[in-house]
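work10.txt (compact mmCIF, C-alpha atoms and all ligand atoms) appears below.
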```txt
# COMPACT_ATOMS: atom_id res chain seq x y z
CA MET U 1089 -3.30 -13.12 -20.90
CA GLY U 1090 -4.47 -11.05 -17.96
CA MET U 1091 -4.06 -7.34 -17.44
CA ASN U 1092 -2.17 -5.72 -14.60
CA ILE U 1093 -2.81 -2.23 -13.28
CA ALA U 1094 -0.26 -0.56 -11.00
CA ILE U 1095 -1.29 2.32 -8.75
CA ASP U 1096 1.33 4.10 -6.68
CA GLY U 1097 1.22 7.24 -4.63
CA PRO U 1098 1.58 8.69 -1.14
CA ALA U 1099 -0.49 7.75 1.90
CA GLY U 1100 -4.05 9.03 1.80
CA ALA U 1101 -4.20 9.77 -1.93
CA GLY U 1102 -7.20 7.44 -2.23
CA LYS U 1103 -5.37 4.51 -3.83
CA SER U 1104 -7.26 1.74 -2.08
CA THR U 1105 -10.72 3.31 -2.54
CA ILE U 1106 -10.07 3.83 -6.22
CA ALA U 1107 -8.34 0.47 -6.76
CA LYS U 1108 -11.32 -1.31 -5.18
CA MET U 1109 -13.75 0.49 -7.51
CA ILE U 1110 -11.64 -0.45 -10.53
CA ALA U 1111 -11.30 -4.07 -9.40
CA LYS U 1112 -15.07 -4.36 -9.05
CA LYS U 1113 -15.78 -2.81 -12.42
CA MET U 1114 -13.10 -4.76 -14.30
CA GLU U 1115 -13.58 -7.97 -12.30
CA PHE U 1116 -9.91 -7.97 -11.34
CA ILE U 1117 -8.37 -8.91 -8.03
CA TYR U 1118 -7.42 -6.01 -5.79
CA VAL U 1119 -4.03 -6.44 -4.14
CA ASP U 1120 -3.35 -4.07 -1.24
CA THR U 1121 0.42 -4.36 -0.83
CA GLY U 1122 0.48 -1.86 2.06
CA ALA U 1123 -1.51 -4.41 4.09
CA MET U 1124 1.32 -6.91 3.62
CA TYR U 1125 3.90 -4.41 4.94
CA ARG U 1126 1.53 -3.66 7.79
CA ALA U 1127 1.20 -7.37 8.69
CA MET U 1128 4.99 -7.60 8.74
CA ALA U 1129 5.13 -4.51 10.96
CA LEU U 1130 2.62 -6.06 13.35
CA PHE U 1131 4.79 -9.16 13.57
CA LEU U 1132 7.88 -7.05 14.34
CA LEU U 1133 6.00 -5.04 16.97
CA ARG U 1134 4.84 -8.25 18.62
CA CYS U 1135 8.45 -9.45 18.66
CA ARG U 1136 9.39 -6.14 20.31
CA VAL U 1137 11.93 -5.43 17.60
CA ASP U 1138 13.60 -2.05 17.91
CA PRO U 1139 12.59 -0.06 14.80
CA GLN U 1140 16.07 1.50 14.73
CA ASN U 1141 17.77 -1.90 14.67
CA ALA U 1142 17.97 -2.89 10.99
CA GLU U 1143 19.87 -6.09 11.73
CA GLN U 1144 17.17 -7.31 14.08
CA ILE U 1145 14.46 -6.49 11.55
CA GLY U 1146 16.35 -8.50 8.91
CA GLU U 1147 16.64 -11.50 11.20
CA MET U 1148 13.11 -11.49 12.57
CA CYS U 1149 11.29 -10.92 9.29
CA GLU U 1150 12.37 -14.38 8.17
CA GLN U 1151 10.01 -15.83 10.77
CA ALA U 1152 6.91 -14.11 9.44
CA ASP U 1153 4.89 -16.05 6.94
CA ILE U 1154 2.61 -13.62 5.15
CA THR U 1155 0.00 -14.80 2.68
CA ILE U 1156 -3.24 -13.44 1.34
CA ARG U 1157 -6.58 -14.99 0.64
CA TYR U 1158 -9.85 -13.62 -0.75
CA GLU U 1159 -13.23 -13.90 0.94
CA ASN U 1160 -16.19 -12.40 -0.94
CA GLY U 1161 -13.77 -10.26 -2.91
CA GLU U 1162 -12.12 -8.90 0.22
CA GLN U 1163 -8.39 -9.36 0.75
CA ILE U 1164 -7.56 -11.14 3.99
CA VAL U 1165 -3.95 -10.93 5.18
CA LEU U 1166 -2.71 -13.92 7.11
CA LEU U 1167 0.27 -13.59 9.43
CA ASN U 1168 1.54 -17.05 10.31
CA GLY U 1169 -1.97 -18.30 9.57
CA GLU U 1170 -3.81 -15.65 11.64
CA ASN U 1171 -6.23 -13.20 9.99
CA VAL U 1172 -4.79 -9.82 11.02
CA ASN U 1173 -7.01 -7.52 8.93
CA GLY U 1174 -8.53 -5.99 12.06
CA LEU U 1175 -5.17 -5.26 13.70
CA ILE U 1176 -3.11 -3.49 11.07
CA ARG U 1177 -4.73 -0.06 10.76
CA THR U 1178 -3.41 1.48 13.97
CA GLN U 1179 -1.05 4.44 14.06
CA GLU U 1180 1.58 2.28 15.76
CA VAL U 1181 1.49 -0.24 12.92
CA SER U 1182 1.53 2.57 10.30
CA ASN U 1183 4.66 4.04 11.80
CA MET U 1184 6.43 0.68 12.14
CA ALA U 1185 5.44 -0.27 8.56
CA SER U 1186 6.92 2.93 7.23
CA VAL U 1187 10.24 2.12 8.95
CA SER U 1188 10.40 -1.64 8.39
CA SER U 1189 9.31 -1.45 4.73
CA ALA U 1190 12.65 0.26 4.03
CA HIS U 1191 14.47 -2.97 4.90
CA PRO U 1192 15.74 -4.97 1.88
CA LYS U 1193 14.82 -8.39 3.31
CA VAL U 1194 11.29 -7.29 4.13
CA ARG U 1195 10.86 -5.93 0.60
CA ALA U 1196 12.40 -8.94 -1.15
CA LYS U 1197 10.02 -11.28 0.64
CA LEU U 1198 6.86 -9.29 -0.05
CA VAL U 1199 7.72 -8.27 -3.61
CA ARG U 1200 8.10 -11.96 -4.52
CA LEU U 1201 4.63 -12.70 -3.18
CA GLN U 1202 3.16 -9.74 -5.09
CA GLN U 1203 4.79 -10.77 -8.37
CA GLU U 1204 3.53 -14.34 -8.01
CA LEU U 1205 -0.03 -13.07 -7.57
CA ALA U 1206 0.14 -10.76 -10.60
CA ALA U 1207 1.55 -13.54 -12.77
CA ARG U 1208 -1.47 -15.72 -12.00
CA GLU U 1209 -4.35 -13.22 -12.09
CA SER U 1210 -5.47 -9.89 -13.54
CA VAL U 1211 -4.78 -7.51 -10.70
CA VAL U 1212 -5.16 -3.91 -9.62
CA MET U 1213 -2.24 -3.54 -7.24
CA ASP U 1214 -1.59 -0.48 -5.14
CA GLY U 1215 1.48 0.53 -3.17
CA ARG U 1216 4.59 2.66 -3.50
CA ASP U 1217 6.85 0.74 -5.91
CA ILE U 1218 4.42 -1.22 -8.04
CA GLY U 1219 5.03 0.59 -11.34
CA THR U 1220 8.74 1.09 -10.70
CA CYS U 1221 9.77 -2.25 -9.23
CA VAL U 1222 7.11 -4.92 -8.61
CA LEU U 1223 5.36 -4.79 -12.00
CA PRO U 1224 7.60 -2.78 -14.33
CA ASP U 1225 5.65 -4.22 -17.31
CA ALA U 1226 2.18 -3.42 -15.96
CA ASP U 1227 -0.32 -2.61 -18.73
CA VAL U 1228 -1.49 0.58 -17.01
CA LYS U 1229 0.51 2.58 -14.48
CA VAL U 1230 -0.94 5.41 -12.45
CA TYR U 1231 0.67 7.74 -9.95
CA LEU U 1232 -2.18 8.96 -7.79
CA THR U 1233 -1.57 11.91 -5.56
CA ALA U 1234 -3.30 14.76 -3.74
CA SER U 1235 -2.02 17.67 -1.67
CA ALA U 1236 -0.91 16.83 1.90
CA ALA U 1237 -3.66 19.12 3.24
CA VAL U 1238 -6.38 17.27 1.31
CA ARG U 1239 -4.99 13.87 2.31
CA ALA U 1240 -4.86 14.87 5.97
CA LYS U 1241 -8.43 16.18 5.83
CA ARG U 1242 -9.67 12.90 4.29
CA ARG U 1243 -7.97 10.89 7.02
CA TYR U 1244 -9.32 13.25 9.68
CA ASP U 1245 -12.89 12.88 8.37
CA GLU U 1246 -12.48 9.08 8.30
CA LEU U 1247 -11.33 8.99 11.92
CA MET U 1248 -14.01 11.41 13.09
CA ALA U 1249 -16.67 9.29 11.36
CA LYS U 1250 -15.38 6.33 13.39
CA GLY U 1251 -15.66 8.43 16.54
CA VAL U 1252 -11.90 8.65 17.02
CA GLY U 1253 -10.92 12.10 18.26
CA CYS U 1254 -7.85 13.51 16.54
CA SER U 1255 -6.07 16.68 15.52
CA LEU U 1256 -5.93 17.73 11.89
CA SER U 1257 -2.53 19.39 12.26
CA GLU U 1258 -1.05 16.28 13.90
CA ILE U 1259 -2.38 14.10 11.11
CA GLU U 1260 -0.93 16.42 8.49
CA ALA U 1261 2.46 16.37 10.23
CA GLU U 1262 2.41 12.55 10.36
CA ILE U 1263 1.45 12.30 6.69
CA GLU U 1264 4.32 14.60 5.75
CA GLU U 1265 6.74 12.57 7.85
CA ARG U 1266 5.60 9.32 6.22
CA ASP U 1267 5.90 10.85 2.75
CA ARG U 1268 9.41 11.96 3.55
CA ARG U 1269 10.41 8.48 4.75
CA ASP U 1270 8.72 6.68 1.83
CA MET U 1271 10.25 9.02 -0.76
CA THR U 1272 13.79 9.23 0.60
CA ARG U 1273 14.53 5.62 1.53
CA GLU U 1274 17.33 3.96 -0.38
CA ILE U 1275 15.47 0.94 -1.68
CA SER U 1276 12.43 1.35 -3.94
CA PRO U 1277 11.52 4.84 -2.78
CA LEU U 1278 8.10 6.17 -3.70
CA ARG U 1279 8.35 7.89 -7.05
CA GLN U 1280 6.39 8.18 -10.25
CA ALA U 1281 7.49 5.65 -12.89
CA GLU U 1282 8.50 7.34 -16.14
CA ASP U 1283 5.64 5.72 -17.99
CA ALA U 1284 3.02 6.28 -15.27
CA VAL U 1285 0.10 8.66 -15.76
CA LEU U 1286 -0.16 11.29 -13.03
CA ILE U 1287 -3.61 11.78 -11.52
CA ASP U 1288 -3.99 14.48 -8.87
CA SER U 1289 -7.19 13.68 -6.98
CA SER U 1290 -7.16 16.84 -4.80
CA ASP U 1291 -10.23 18.20 -6.59
CA MET U 1292 -11.69 14.92 -7.81
CA SER U 1293 -14.14 12.49 -6.29
CA ALA U 1294 -13.05 8.85 -5.95
CA GLN U 1295 -15.54 7.98 -8.68
CA GLU U 1296 -14.00 10.49 -11.07
CA ALA U 1297 -10.47 9.24 -10.38
CA ALA U 1298 -11.55 5.60 -10.83
CA GLU U 1299 -13.21 6.47 -14.13
CA ALA U 1300 -10.03 8.16 -15.32
CA VAL U 1301 -8.07 4.96 -14.66
CA ILE U 1302 -10.72 2.76 -16.29
CA ALA U 1303 -10.54 4.99 -19.39
CA LEU U 1304 -6.78 4.34 -19.50
CA CYS U 1305 -7.40 0.58 -19.27
CA ASN U 1306 -9.99 0.69 -22.05
CA ALA U 1307 -7.63 2.67 -24.27
CA GLN U 1308 -4.90 0.11 -23.57
CA ALA U 1309 -7.15 -2.81 -24.43
CA LEU U 1310 -8.04 -1.37 -27.90
O1 LIG I 1401 -0.37 2.10 1.85
P1 LIG I 1401 -0.20 1.85 3.36
O2 LIG I 1401 -0.29 3.10 4.17
O3 LIG I 1401 -1.08 0.77 3.88
O4 LIG I 1401 1.31 1.34 3.49
C1 LIG I 1401 1.90 1.06 4.73
C2 LIG I 1401 3.41 1.32 4.65
O5 LIG I 1401 4.03 0.34 3.80
C3 LIG I 1401 3.80 2.69 4.09
O6 LIG I 1401 4.64 3.38 5.00
C4 LIG I 1401 4.61 2.42 2.86
C5 LIG I 1401 4.88 0.96 2.87
N1 LIG I 1401 4.67 0.37 1.57
C6 LIG I 1401 5.76 0.17 0.77
O7 LIG I 1401 6.87 0.51 1.15
N2 LIG I 1401 5.61 -0.42 -0.45
C7 LIG I 1401 4.42 -0.78 -0.89
N3 LIG I 1401 4.30 -1.36 -2.09
C8 LIG I 1401 3.26 -0.56 -0.09
C9 LIG I 1401 3.43 0.03 1.13
```

Please, can you express the file's structure as structure tokens?
Amino acid sequence: MGMNIAIDGPAGAGKSTIAKMIAKKMEFIYVDTGAMYRAMALFLLRCRVDPQNAEQIGEMCEQADITIRYENGEQIVLLNGENVNGLIRTQEVSNMASVSSAHPKVRAKLVRLQQELAARESVVMDGRDIGTCVLPDADVKVYLTASAAVRAKRRYDELMAKGVGCSLSEIEAEIEERDRRDMTREISPLRQAEDAVLIDSSDMSAQEAAEAVIALCNAQAL
């Protein structure tokens, strides 16, 4: 039997960095569920769906076939057969994903795909509802967070390193808005599962946070 690790938390808490480190160390597959919601958002943007029109989102999402594949350990998201990894990290896609991921049909479709993957392989899966909804029986559940100020600063540094000019206060405001949407939506809102371990990474390096999760996995395997 494989082992499944669920990592949830708000945007910018370091989930993907830490999940990738754990996957490498444990030789598990890393499943970035946010990328799936982003691919769906890209599809909806391309279809010029109005983000306020829930009915339209429900209809159009049926036409998006989203699958994932692994190349050299990296997750590739395919949208109707097209590799969209390079197109889903824009602000526009982030904002659409935050809105469209609240739609029940979008969630039902992607949750099914995530559960199928976890049933086949040992996975480290990160997202917002992994411990609460996608993998309620995960062997290890972590709720990874950090203060909004720290998360905004990390994002700011990332963008500056890429040469993208940006404003720290705008990024912080956007992060807070996304948190609010993710935590207050009706279906599968972001929240800590009762049996999840809380890790606040505000004053931790990624390495330290990854080691804390690996220690939980080792304790579980005893
Ligand atoms: O983790 P991320 O920023 O790539 O996620 C993009 C959006 O998708 C984010 O607004 C929350 C949503 N999401 C979700 O609702 N459920 C998940 N399991 C993962 C992401």

Proximity to ligand LIG 1401 (chain I) - best of U:Arg1208, U:His1191, U:Arg1157, U:Arg1266, all atoms listed in the file:
U:Arg1266

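Remark: for Ile1145 (chain U), the closest of the candidate residues U:Arg1279, U:Lys1229, U:Arg1243, U:Arg1195 is U:Arg1195 (distances computed over only C-alpha atoms).
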
Show me which residues are within 9 Å of ligand LIG 1401 (chain I) counting only C-alpha atoms and all ligand atoms, and format the list as a count of residues only.
45

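The closest residue to Met1148 (chain U), picked from U:Val1172, U:Val1194, U:Val1119, U:Ala1303 and counting only C-alpha atoms, is U:Val1194.
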
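Minimum atom-to-atom distance to Ala1307 (chain U), evaluated using all atoms listed in the file, belongs to U:Asp1227 out of U:Asp1227, U:Thr1272, U:Cys1221, U:Gln1295.
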
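Shortest separation to Ala1094 (chain U) among U:Ala1226, U:Leu1166, U:Met1271, U:Leu1256 occurs at residue U:Ala1226, atoms counted being all atoms listed in the file.
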
Point-to-point distance from CA of Val1285 (chain U) to CA of Cys1305 (chain U), Å rounded to tenths:
11.6 Å

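Nearest to Ile1302 (chain U) of all the residues U:Ala1261, U:Ala1284, U:Val1137, U:Val1230 is U:Val1230, counting only C-alpha atoms.
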
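Those residues that approach Asn1171 (chain U) to within 10 Å, counting only C-alpha atoms, are Ala1127, Thr1155, Ile1156, Arg1157, Ile1164, Val1165 and Leu1166 of chain U; same-chain residues fewer than 5 positions away are not listed.
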
Could you turn the residues from that selection into a file that holds C-alpha atoms, as a tab-separated table (two decimals), in the coordinates of the input?
```tsv
chain	number	residue	atom	x	y	z
U	1127	ALA	CA	1.20	-7.37	8.69
U	1155	THR	CA	0.00	-14.80	2.68
U	1156	ILE	CA	-3.24	-13.44	1.34
U	1157	ARG	CA	-6.58	-14.99	0.64
U	1164	ILE	CA	-7.56	-11.14	3.99
U	1165	VAL	CA	-3.95	-10.93	5.18
U	1166	LEU	CA	-2.71	-13.92	7.11
```

Report the distance between CA of Gly1146 (chain U) and CA of Lys1193 (chain U) in Å, rounded to one decimal place.
5.8 Å
